[in-house]
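Engineer: This is the content of work-v1.cif (mmCIF, C-alpha atoms):
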data_target
loop_
_atom_site.label_atom_id
_atom_site.label_comp_id
_atom_site.auth_asym_id
_atom_site.auth_seq_id
_atom_site.Cartn_x
_atom_site.Cartn_y
_atom_site.Cartn_z
CA MET A 32 26.17 -53.04 -14.38
CA GLY A 33 25.99 -49.48 -13.18
CA LEU A 34 23.85 -46.63 -14.50
CA TYR A 35 26.49 -45.13 -16.77
CA GLU A 36 27.72 -48.44 -18.13
CA ARG A 37 24.18 -49.30 -19.27
CA TRP A 38 23.29 -45.80 -20.45
CA CYS A 39 26.29 -44.29 -22.23
CA GLU A 40 29.38 -44.81 -24.32
CA SER A 41 32.33 -43.09 -22.67
CA THR A 42 35.65 -41.64 -23.75
CA LYS A 43 38.23 -41.17 -21.02
CA ALA A 44 41.51 -39.32 -21.35
CA LYS A 45 44.09 -38.96 -18.59
CA ASP A 46 47.16 -36.75 -18.35
CA LYS A 47 48.93 -37.20 -15.02
CA ARG A 48 46.36 -35.99 -12.46
CA LYS A 49 43.90 -34.59 -15.01
CA ARG A 50 40.99 -36.64 -16.34
CA TYR A 51 38.63 -35.64 -19.16
CA TRP A 52 35.57 -37.85 -19.46
CA THR A 53 32.79 -37.54 -22.04
CA TYR A 54 29.62 -39.61 -22.24
CA VAL A 55 27.11 -40.02 -25.08
CA GLU A 56 23.89 -42.00 -24.86
CA LYS A 57 23.95 -45.47 -26.41
CA ASP A 58 21.27 -46.51 -28.86
CA GLY A 59 18.54 -47.82 -26.56
CA GLY A 60 20.51 -46.78 -23.50
CA ARG A 61 17.83 -44.45 -22.20
CA ASP A 62 15.18 -47.14 -22.30
CA GLU A 63 17.61 -49.44 -20.49
CA ILE A 64 18.00 -47.10 -17.52
CA ARG A 65 14.65 -45.29 -17.48
CA ASP A 66 13.07 -47.20 -14.59
CA GLY A 67 16.28 -47.36 -12.59
CA LEU A 68 17.03 -43.66 -13.02
CA ALA A 69 13.48 -42.75 -11.98
CA GLU A 70 13.97 -44.72 -8.77
CA THR A 71 17.37 -43.10 -8.25
CA ILE A 72 15.82 -39.65 -8.60
CA ARG A 73 13.21 -40.54 -5.98
CA SER A 74 15.93 -41.77 -3.63
CA HIS A 75 17.67 -38.39 -3.69
CA TYR A 76 14.54 -36.69 -2.33
CA ASP A 77 13.42 -39.30 0.19
CA ARG A 78 14.27 -42.77 1.45
CA LEU A 79 12.73 -45.44 -0.78
CA GLU A 80 11.49 -47.36 2.26
CA ARG A 81 9.65 -44.25 3.46
CA ILE A 82 7.98 -43.85 0.07
CA ALA A 83 6.97 -47.51 0.23
CA GLU A 84 5.46 -46.92 3.68
CA ASP A 85 3.40 -44.04 2.26
CA VAL A 86 2.12 -46.34 -0.48
CA ASP A 87 1.14 -49.01 2.07
CA ARG A 88 -0.64 -46.49 4.30
CA LEU A 89 -2.21 -44.13 1.78
CA GLY A 90 -2.11 -45.73 -1.65
CA TYR A 91 -0.15 -44.84 -4.78
CA LYS A 92 -1.91 -41.60 -5.65
CA VAL A 93 -1.48 -39.94 -2.24
CA ALA A 94 2.08 -41.27 -1.88
CA ALA A 95 2.89 -39.72 -5.24
CA GLU A 96 1.49 -36.38 -4.05
CA ILE A 97 3.75 -36.47 -0.99
CA LEU A 98 6.81 -37.25 -3.12
CA SER A 99 5.92 -34.53 -5.61
CA GLU A 100 5.94 -31.94 -2.82
CA ALA A 101 9.66 -32.60 -2.34
CA MET A 102 10.55 -32.30 -6.02
CA PRO A 103 11.10 -29.06 -7.94
CA GLN A 104 8.35 -28.10 -10.36
CA THR A 105 10.26 -25.55 -12.46
CA ALA A 106 12.38 -26.51 -15.46
CA LYS A 107 15.38 -24.67 -13.98
CA GLY A 108 15.04 -26.34 -10.61
CA ARG A 109 14.73 -29.81 -12.12
CA SER A 110 17.71 -29.23 -14.40
CA GLY A 111 19.94 -28.17 -11.53
CA ASP A 112 18.84 -31.00 -9.27
CA LEU A 113 19.27 -33.67 -11.96
CA GLY A 114 22.79 -32.40 -12.59
CA GLU A 115 23.64 -32.99 -8.93
CA ILE A 116 21.95 -36.40 -8.94
CA LEU A 117 23.82 -37.60 -12.02
CA ALA A 118 27.11 -36.25 -10.64
CA THR A 119 26.59 -38.08 -7.35
CA GLU A 120 25.91 -41.36 -9.13
CA LEU A 121 29.01 -40.91 -11.32
CA VAL A 122 31.29 -40.30 -8.34
CA GLU A 123 30.10 -43.42 -6.57
CA GLU A 124 30.09 -45.59 -9.70
CA GLU A 125 33.30 -44.47 -11.39
CA ILE A 126 35.56 -43.09 -8.65
CA GLY A 127 34.60 -45.18 -5.65
CA LEU A 128 34.20 -42.40 -3.11
CA ARG A 129 30.92 -42.07 -1.26
CA VAL A 130 28.68 -39.05 -1.56
CA PRO A 131 27.38 -39.91 1.88
CA VAL A 132 24.49 -37.45 2.23
CA ARG A 133 21.67 -37.02 -0.30
CA ARG A 134 21.46 -33.31 0.33
CA LEU A 135 18.36 -32.69 -1.84
CA ARG A 136 16.37 -34.25 1.00
CA TYR A 137 17.21 -31.19 3.08
CA LYS A 138 16.19 -28.34 0.75
CA ASP A 139 14.50 -25.28 2.27
CA GLY A 140 12.06 -25.17 -0.66
CA ARG A 141 11.61 -27.56 -3.54
CA ASN A 142 12.23 -24.91 -6.22
CA MET A 143 15.16 -23.31 -4.42
CA ALA A 144 18.81 -24.07 -5.12
CA MET A 145 20.84 -25.13 -2.11
CA ARG A 146 23.87 -23.13 -1.06
CA GLY A 147 27.34 -24.56 -0.63
CA ASP A 148 29.25 -27.20 -2.59
CA ASP A 149 27.04 -29.11 -5.03
CA PHE A 150 28.38 -32.49 -3.95
CA ILE A 151 31.14 -33.80 -1.71
CA GLY A 152 32.72 -37.21 -2.15
CA ALA A 153 34.42 -38.71 0.88
CA GLY A 154 36.39 -41.77 1.85
CA TYR A 155 39.81 -42.99 2.88
CA ASP A 156 43.03 -43.82 1.06
CA VAL A 157 44.01 -47.35 0.03
CA ALA A 158 45.33 -48.08 3.49
CA GLY A 159 41.99 -46.97 4.95
CA GLU A 160 43.68 -44.45 7.21
CA LYS A 161 43.82 -40.99 5.64
CA LEU A 162 40.73 -38.98 4.75
CA TRP A 163 40.18 -38.25 1.05
CA LEU A 164 37.70 -35.71 -0.31
CA LEU A 165 36.27 -34.65 -3.64
CA LYS A 166 34.77 -31.19 -4.09
CA GLY A 167 32.26 -31.04 -6.93
CA GLU A 168 30.37 -28.47 -8.96
CA ALA A 169 27.53 -29.61 -11.25
CA LYS A 170 26.08 -27.66 -14.18
CA SER A 171 23.11 -28.68 -16.33
CA ASN A 172 22.45 -26.56 -19.41
CA LYS A 173 20.60 -26.86 -22.69
CA VAL A 174 23.54 -24.98 -24.22
CA LEU A 175 26.83 -25.14 -22.32
CA GLY A 176 29.25 -22.25 -22.85
CA LYS A 177 32.45 -20.76 -21.54
CA ALA A 178 30.77 -18.46 -19.00
CA THR A 179 29.22 -21.43 -17.18
CA VAL A 180 32.52 -23.31 -17.14
CA THR A 181 34.40 -20.26 -15.85
CA SER A 182 31.82 -19.73 -13.12
CA ALA A 183 32.02 -23.38 -12.02
CA ARG A 184 35.81 -23.28 -11.82
CA LYS A 185 35.66 -20.13 -9.73
CA VAL A 186 33.43 -21.93 -7.23
CA LEU A 187 35.78 -24.93 -7.09
CA ASN A 188 38.75 -22.65 -6.41
CA ARG A 189 37.15 -20.66 -3.60
CA ASP A 190 38.20 -21.36 -0.02
CA ASN A 191 41.65 -22.25 -1.39
CA GLY A 192 40.14 -25.21 -3.19
CA ARG A 193 38.82 -26.77 0.01
CA CYS A 194 35.26 -27.90 0.58
CA THR A 195 33.46 -24.97 2.14
CA PRO A 196 33.27 -25.36 5.94
CA ASP A 197 29.48 -25.06 6.06
CA SER A 198 29.05 -27.77 3.40
CA LEU A 199 31.49 -30.10 5.10
CA LEU A 200 29.92 -29.54 8.51
CA PHE A 201 26.46 -30.22 7.10
CA VAL A 202 27.61 -33.61 5.76
CA ALA A 203 29.51 -34.39 8.96
CA ASN A 204 26.55 -33.70 11.21
CA ARG A 205 24.17 -35.82 9.13
CA LEU A 206 26.62 -38.73 9.35
CA LEU A 207 26.98 -38.30 13.11
CA GLU A 208 23.19 -38.59 13.41
CA SER A 209 23.27 -42.00 11.72
CA ASN A 210 22.95 -45.34 13.55
CA ASP A 211 25.75 -46.77 11.41
CA PRO A 212 29.19 -46.83 13.11
CA GLY A 213 30.95 -46.40 9.75
CA ASP A 214 28.92 -43.25 9.08
CA ASN A 215 29.79 -41.97 12.54
CA GLU A 216 33.51 -42.54 11.96
CA LEU A 217 33.45 -40.69 8.63
CA GLY A 218 31.35 -37.91 10.15
CA ARG A 219 33.86 -37.48 12.95
CA SER A 220 36.71 -37.29 10.42
CA LEU A 221 34.86 -34.64 8.42
CA ARG A 222 33.98 -32.61 11.51
CA ASP A 223 37.60 -32.73 12.66
CA GLU A 224 38.68 -31.48 9.23
CA VAL A 225 36.37 -28.47 9.52
CA GLY A 226 38.37 -27.37 12.53
CA LEU A 227 41.86 -28.66 11.77
CA LYS A 228 42.00 -28.01 8.00
CA SER A 229 44.80 -30.55 7.92
CA LEU A 230 44.17 -32.13 4.50
CA ARG A 231 46.73 -31.23 1.87
CA ALA A 232 45.52 -30.16 -1.57
CA ASP A 233 46.61 -33.49 -3.06
CA ARG A 234 43.90 -35.23 -1.00
CA ILE A 235 41.08 -32.88 -2.07
CA ASP A 236 40.12 -33.72 -5.66
CA HIS A 237 37.98 -31.46 -7.85
CA MET A 238 35.23 -32.40 -10.30
CA LEU A 239 33.54 -30.09 -12.79
CA PHE A 240 30.50 -32.08 -13.94
CA THR A 241 28.29 -30.95 -16.82
CA VAL A 242 25.16 -32.21 -18.57
CA SER A 243 24.31 -30.41 -21.78
CA GLY A 244 22.37 -30.56 -25.02
CA ASN A 245 25.30 -29.33 -27.10
CA GLY A 246 27.85 -31.78 -25.82
CA PRO A 247 31.34 -30.93 -24.54
CA HIS A 248 32.08 -27.28 -25.27
CA ALA A 249 35.71 -26.49 -26.13
CA SER A 250 36.01 -24.44 -22.95
CA LEU A 251 35.83 -27.62 -20.86
CA LYS A 252 39.13 -28.97 -22.21
CA GLU A 253 40.68 -25.50 -22.07
CA ASP A 254 39.63 -25.20 -18.44
CA LEU A 255 41.15 -28.57 -17.57
CA ASP A 256 44.41 -27.74 -19.35
CA ALA A 257 44.69 -24.55 -17.27
CA THR A 258 44.31 -26.29 -13.90
CA GLY A 259 47.24 -27.06 -11.63
CA THR A 260 48.73 -30.46 -10.89
CA ASN A 261 48.56 -30.39 -7.10
CA ARG A 262 45.35 -32.47 -6.99
CA ASP A 263 43.29 -34.85 -9.13
CA HIS A 264 40.97 -33.00 -11.50
CA TYR A 265 37.94 -34.51 -13.23
CA VAL A 266 36.14 -32.64 -15.99
CA VAL A 267 33.06 -34.48 -17.20
CA ASN A 268 30.37 -33.94 -19.83
CA ILE A 269 27.19 -35.96 -20.38
CA HIS A 270 25.77 -35.16 -23.82
CA VAL A 271 21.96 -35.47 -23.88
CA GLU A 272 20.78 -33.95 -27.13
CA ASP A 273 17.15 -33.41 -26.09
CA HIS A 274 18.31 -32.06 -22.74
CA GLN A 275 15.13 -30.34 -21.58
CA ASP A 276 12.74 -33.01 -22.86
CA PHE A 277 14.85 -35.68 -21.15
CA ILE A 278 14.67 -33.89 -17.79
CA ALA A 279 10.92 -33.32 -18.04
CA ALA A 280 10.31 -36.96 -18.98
CA MET A 281 12.48 -38.32 -16.18
CA TYR A 282 10.78 -36.23 -13.51
CA GLN A 283 7.38 -37.29 -14.81
CA GLU A 284 8.55 -40.90 -14.56
CA ALA A 285 9.94 -40.36 -11.06
CA GLU A 286 6.71 -38.80 -9.79
CA ASP A 287 4.60 -41.65 -11.18
CA LEU A 288 4.53 -44.37 -8.53
CA GLY A 289 2.03 -46.48 -10.45
CA ASP A 290 -1.47 -47.54 -9.49
CA ASP A 291 -1.31 -51.20 -8.58
#
Would you mind writing the file's structure down as structure tokens?
Structural biologist:
Amino acid sequence: MGLYERWCESTKAKDKRKRYWTYVEKDGGRDEIRDGLAETIRSHYDRLERIAEDVDRLGYKVAAEILSEAMPQTAKGRSGDLGEILATELVEEEIGLRVPVRRLRYKDGRNMAMRGDDFIGAGYDVAGEKLWLLKGEAKSNKVLGKATVTSARKVLNRDNGRCTPDSLLFVANRLLESNDPGDNELGRSLRDEVGLKSLRADRIDHMLFTVSGNGPHASLKEDLDATGTNRDHYVVNIHVEDHQDFIAAMYQEAEDLGDD
């Protein structure tokens, strides 16, 4: 079972190419996923095998210090990062596209937000021939409101709805540095797309992903209703009532590597 299946109850509505998904925590769901989510958070900042090597060489306490240096220490920074992490996991679990680069590993500073698209999903069509992309914007707020939703949609629509060239090139180059031939192939496809811009709009999906303490604000559904039908649209809300406490607790769990 995946993270969301164990953690939340979901409601999913679809109207042609528009999908509206809402998630609410199950009773006991948080306890069910606590350890796994902590490990997932770690994996977005560093490779788990590298963390394990630090533990073997230096012990748990020093390894935890190294990991902590990569993680944001401000409430705002943690909120934004966790939004991107949860969005990435949802795309891979529920849609089946890869988010092939864990971009939080490449931040200029642990408390700084990264520029560019929040997350990019990538893969190929059913025949395995044509490139397919998903452009995503993630928002994490104690109280979600219309201004945040409007701002996120504006970002999704920029560059004529395409993934921004710098974001796409960043992902492409990381994949081309991989030792995996499949990564190299996808990286080459993405790099070609930066130059050719050959993908039609109907092969570049959009996702507006939100995590909030007040649940799905009415503006989310209004925003989805106002979108066009030339691509697949996903509008998602994860309702976590104690939003800020949840984030603080999960980062504390992620930074604690244990002592044995």
Engineer: Would you mind listing what lies within 8 Å of segment 225-233 of chain A as a list of chain:residue names, with only C-alpha atoms counted and same-chain residues fewer than 3 positions away left out?
Structural biologist: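 In the requested format, the answer is A:Leu162, A:Gly192, A:Arg193, A:Pro196, A:Leu199, A:Leu200, A:Leu221, A:Arg222, A:Asp236, A:Asn261, A:Arg262, A:Asp263.
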Engineer: Can you work out the spacing between atom CA of Arg205 of chain A and atom CA of Leu164 of chain A in Å, to one decimal?
Structural biologist: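 Computing the Euclidean distance for atom CA of Arg205 of chain A and atom CA of Leu164 of chain A yields 16.5 Å.
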Engineer: To verify the selection step, state as a ChimeraX atom specification which residues the PyMOL selection byres ((chain A and resi 82) around 12) yields on this input.
Structural biologist: /A:70,73-81,83-99,101,285-288
Engineer: Calculate how many Å separate atom CA of Gln275 of chain A from atom CA of Lys173 of chain A, rounding to one decimal.
Structural biologist: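 Distance reported for this atom pair: 6.6 Å.
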Engineer: Could you list, as a PyMOL selection string, every residue within 7 Å of Arg50 of chain A, counting all atoms listed in the file and ignoring same-chain residues fewer than 4 positions away?
Structural biologist: chain A and resi 44-46+264-266
Engineer: As a check of understanding, name the residues that the PyMOL selection byres ((chain A and resi 282) around 10) selects in the supplied structure, as a ChimeraX atom specification.
Structural biologist: /A:68-69,72-73,99,102-104,109-110,113,277-281,283-287
Engineer: One decimal, Å: what's the distance from atom CA of Gly114 of chain A over to atom CA of Asn172 of chain A, could you say?
Structural biologist: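 According to the coordinates, atom CA of Gly114 of chain A and atom CA of Asn172 of chain A are separated by 9.0 Å.
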Engineer: If the PyMOL selection byres ((chain A and resi 267) around 8) is run on the structure shown, which residues does it catch, given as number ranges by chain?
Structural biologist: A: 51-54, 238-241, 265-266, 268-269
Engineer: Find, counting only C-alpha atoms, the residue in A:His270, A:Thr181, A:Asp276, A:Ala203 that gets nearest to Ala106 of chain A.
Structural biologist: A:Asp276
Engineer: Pop segment 110-156 of chain A out of the structure in the block and write C-alpha atoms as a short mmCIF file (atom, residue, chain, number, x, y, z; two decimals), in the first residue's frame.
Structural biologist:
data_model
loop_
_atom_site.label_atom_id
_atom_site.label_comp_id
_atom_site.auth_asym_id
_atom_site.auth_seq_id
_atom_site.Cartn_x
_atom_site.Cartn_y
_atom_site.Cartn_z
CA SER A 110 6.04 24.02 5.05
CA GLY A 111 7.01 24.79 1.47
CA ASP A 112 9.36 21.83 1.18
CA LEU A 113 6.86 19.36 2.65
CA GLY A 114 4.28 20.55 0.15
CA GLU A 115 6.65 19.67 -2.70
CA ILE A 116 7.54 16.33 -1.10
CA LEU A 117 3.91 15.29 -0.65
CA ALA A 118 3.06 16.43 -4.19
CA THR A 119 5.92 14.38 -5.63
CA GLU A 120 4.79 11.27 -3.79
CA LEU A 121 1.19 11.77 -4.96
CA VAL A 122 2.20 12.09 -8.62
CA GLU A 123 4.21 8.88 -8.51
CA GLU A 124 1.64 6.95 -6.46
CA GLU A 125 -1.60 8.09 -8.07
CA ILE A 126 -0.74 9.18 -11.62
CA GLY A 127 2.14 6.91 -12.52
CA LEU A 128 4.51 9.51 -13.93
CA ARG A 129 7.98 9.81 -12.46
CA VAL A 130 9.22 12.91 -10.71
CA PRO A 131 12.71 11.85 -11.69
CA VAL A 132 14.83 14.37 -9.78
CA ARG A 133 14.55 15.08 -6.04
CA ARG A 134 15.31 18.74 -6.52
CA LEU A 135 15.49 19.62 -2.79
CA ARG A 136 18.90 17.91 -2.81
CA TYR A 137 20.16 20.79 -4.94
CA LYS A 138 19.03 23.83 -2.94
CA ASP A 139 21.38 26.83 -2.72
CA GLY A 140 20.54 27.23 0.98
CA ARG A 141 18.43 25.08 3.23
CA ASN A 142 16.03 27.90 4.17
CA MET A 143 15.74 29.26 0.64
CA ALA A 144 12.95 28.43 -1.79
CA MET A 145 14.07 27.08 -5.14
CA ARG A 146 13.15 28.90 -8.31
CA GLY A 147 11.33 27.33 -11.23
CA ASP A 148 8.52 24.78 -11.38
CA ASP A 149 7.84 23.14 -8.02
CA PHE A 150 7.75 19.64 -9.50
CA ILE A 151 7.81 18.08 -12.95
CA GLY A 152 6.37 14.66 -13.69
CA ALA A 153 7.70 12.89 -16.77
CA GLY A 154 7.15 9.70 -18.70
CA TYR A 155 5.85 8.30 -21.96
CA ASP A 156 2.42 7.50 -23.36
#
